[in-house]
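Structure below is run_2.cif: mmCIF, C-alpha atoms.
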data_final
loop_
_atom_site.label_atom_id
_atom_site.label_comp_id
_atom_site.auth_asym_id
_atom_site.auth_seq_id
_atom_site.Cartn_x
_atom_site.Cartn_y
_atom_site.Cartn_z
CA ILE A 1 -22.06 168.35 43.26
CA GLU A 2 -21.15 171.64 41.55
CA ILE A 3 -17.62 171.48 42.92
CA ILE A 4 -17.21 167.93 41.67
CA ALA A 5 -18.49 168.97 38.24
CA VAL A 6 -16.01 171.86 38.13
CA LEU A 7 -13.15 169.57 39.18
CA VAL A 8 -14.09 167.02 36.50
CA ILE A 9 -14.18 169.75 33.84
CA MET A 10 -10.83 171.13 35.02
CA GLY A 11 -9.35 167.61 34.95
CA ILE A 12 -10.54 167.07 31.39
CA LEU A 13 -9.13 170.44 30.30
CA ALA A 14 -5.82 169.67 32.00
CA ALA A 15 -5.64 166.24 30.34
CA VAL A 16 -6.06 167.87 26.93
CA ALA A 17 -4.05 171.07 27.47
CA VAL A 18 -0.88 169.75 29.14
CA PRO A 19 0.17 167.35 26.33
CA LYS A 20 -0.61 170.05 23.79
CA PHE A 21 1.61 172.50 25.71
CA PHE A 22 4.58 170.13 25.68
CA ASP A 23 4.04 169.43 21.99
CA LEU A 24 4.12 173.17 21.32
CA GLN A 25 7.41 173.48 23.18
CA SER A 26 9.10 170.84 21.04
CA LYS A 27 7.72 172.39 17.86
CA ALA A 28 9.00 175.81 18.97
CA ARG A 29 12.49 174.39 19.51
CA GLU A 30 12.42 172.82 16.06
CA LYS A 31 11.29 176.08 14.46
CA ALA A 32 14.04 177.99 16.29
CA ILE A 33 16.68 175.76 14.70
CA TYR A 34 15.19 176.25 11.24
CA THR A 35 15.16 180.01 11.80
CA ALA A 36 18.87 179.88 12.68
CA LEU A 37 19.52 177.76 9.60
CA SER A 38 17.71 180.33 7.46
CA GLU A 39 19.93 183.06 8.92
CA LEU A 40 23.03 181.06 8.00
CA LYS A 41 21.74 180.54 4.45
CA VAL A 42 21.27 184.29 4.11
CA ARG A 43 24.81 184.89 5.37
CA VAL A 44 26.24 182.36 2.89
CA ASN A 45 24.40 184.09 0.04
CA GLN A 46 25.57 187.54 1.22
CA HIS A 47 29.15 186.28 1.36
CA PHE A 48 28.79 184.91 -2.17
CA SER A 49 27.42 188.24 -3.46
CA LYS A 50 30.12 190.25 -1.70
CA GLU A 51 32.87 188.08 -3.15
CA LEU A 52 31.44 188.39 -6.67
CA LEU A 53 31.22 192.17 -6.34
CA GLU A 54 34.86 192.25 -5.25
CA GLY A 55 35.81 190.53 -8.52
CA ASN A 56 36.35 186.95 -7.35
CA THR A 57 35.29 184.06 -9.54
CA VAL A 58 32.62 181.58 -8.47
CA GLY A 59 35.20 178.79 -8.21
CA GLY A 60 37.53 180.95 -6.15
CA ILE A 61 35.08 181.75 -3.36
CA THR A 62 35.69 179.96 -0.08
CA TYR A 63 33.11 179.68 2.68
CA ASN A 64 34.91 179.44 5.98
CA ALA A 65 32.97 180.04 9.16
CA ALA A 66 34.89 183.20 10.09
CA ASP A 67 34.14 184.95 6.77
CA VAL A 68 30.49 183.95 6.65
CA GLY A 69 29.86 184.61 10.34
CA THR A 70 28.38 181.91 12.51
CA ASP A 71 27.63 183.96 15.63
CA ILE A 72 23.83 183.89 15.52
CA GLY A 73 23.06 184.56 19.15
CA GLU A 74 23.80 183.18 22.59
CA ASP A 75 21.06 180.55 22.25
CA PHE A 76 22.79 178.88 19.29
CA ASN A 77 26.13 177.25 18.63
CA VAL A 78 27.32 176.40 15.12
CA SER A 79 29.97 173.69 14.93
CA GLY A 80 31.35 171.18 12.47
CA TRP A 81 31.50 173.74 9.64
CA THR A 82 32.82 171.77 6.67
CA GLU A 83 32.96 173.11 3.12
CA GLY A 84 32.29 170.51 0.47
CA THR A 85 32.25 170.80 -3.32
CA ASP A 86 28.61 171.88 -3.64
CA SER A 87 27.52 172.44 -0.06
CA ILE A 88 28.46 173.32 3.49
CA SER A 89 27.81 170.85 6.30
CA LEU A 90 27.29 172.07 9.85
CA THR A 91 25.73 171.28 13.19
CA ILE A 92 23.43 173.70 14.98
CA THR A 93 22.88 173.34 18.72
CA TYR A 94 20.02 175.29 20.27
CA TYR A 95 20.03 176.06 23.99
CA PRO A 96 16.47 177.17 24.85
CA ASN A 97 17.51 178.04 28.42
CA ALA A 98 20.85 179.70 27.64
CA PRO A 99 23.34 179.86 29.25
CA ASN A 100 21.97 176.70 30.90
CA THR A 101 22.63 173.72 28.60
CA ASP A 102 19.58 171.71 29.71
CA ASN A 103 17.16 170.67 26.96
CA ALA A 104 19.68 171.40 24.20
CA VAL A 105 18.59 170.39 20.72
CA GLN A 106 21.21 169.50 18.12
CA GLU A 107 20.73 168.93 14.40
CA ASP A 108 23.02 168.40 11.42
CA HIS A 109 22.28 170.39 8.28
CA THR A 110 23.61 171.06 4.81
CA ILE A 111 23.52 174.43 3.07
CA PRO A 112 23.91 174.38 -0.73
CA LYS A 113 26.51 176.76 -2.11
CA PRO A 114 25.08 179.52 -4.30
CA GLN A 115 25.50 179.16 -8.04
CA VAL A 116 25.34 181.66 -10.87
CA SER A 117 22.56 180.86 -13.30
CA ARG A 118 22.50 182.11 -16.85
#

Rewrite the structure of this file - the entire thing - as structure tokens.
Amino acid sequence: IEIIAVLVIMGILAAVAVPKFFDLQSKAREKAIYTALSELKVRVNQHFSKELLEGNTVGGITYNAADVGTDIGEDFNVSGWTEGTDSISLTITYYPNAPNTDNAVQEDHTIPKPQVSR
């Protein structure tokens, strides 16, 4: 009877814990992409500051991927970098098992261009 009770308790714990574990994995992947996006926002702002310090005007600053730097680690790939009037559009692909491409997560994002406020 004790063994059956232990098995029932373990079954209940497994039924609760396993779905929670998989939910945590998907949330971790989502957070990893937002962390990479935050890194890219910082790089865009640093590029903006550097260009202003070098004497360029706000309207004359370009944001191409090579100047900003899109190499944010082997787990991430940044593609589709397109500079618009007020923002930069891009796609971030996260490979949680890099270099294996299984379970890749891909999201499109927009980064607003920095502006000078007065």

Applied to this file, what does the PyMOL selection byres ((chain A and resi 34) around 12) return in terms of residues, put as a PyMOL selection string? chain A and resi 27-33+35-41+76+91-94+105-111

Work out how far CA of Asn56 (chain A) is from CA of Leu90 (chain A), in Å to one decimal.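 These two atoms are separated by 24.5 Å.
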
Residue nearest Val68 (chain A) among A:Val42, A:Val6, A:Ser87, A:Leu53 (counting all atoms listed in the file):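 Comparing A:Val42, A:Val6, A:Ser87, A:Leu53 against Val68 (chain A), the winner is A:Val42.
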
Using Å and a single decimal, report how far CA of Asp67 (chain A) sits from CA of Ser49 (chain A).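 Rounded to one decimal, the two atoms are 12.7 Å apart.
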
So, with all atoms listed in the file as the atoms that count, which of A:Asp23, A:Glu83, A:Glu54, A:Asp75 lies closest to Asp102 (chain A)? A:Asp75

With all atoms listed in the file as the basis for distance, which of A:Ile72, A:Ile3, A:Ile9, A:Ala104 is at the shortest distance from Arg43 (chain A)?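 For Arg43 (chain A), the nearest of the candidates is A:Ile72.
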
State, in Å with one decimal place, the distance from CA of Asn100 (chain A) to CA of Ala66 (chain A).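 Going from CA of Asn100 (chain A) over to CA of Ala66 (chain A), I get 25.3 Å.
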
Who sits within 9 Å of Phe48 (chain A), all atoms listed in the file, same chain under 5 positions skipped, as a PyMOL selection string: chain A and resi 43+53+58+61-63+113-115
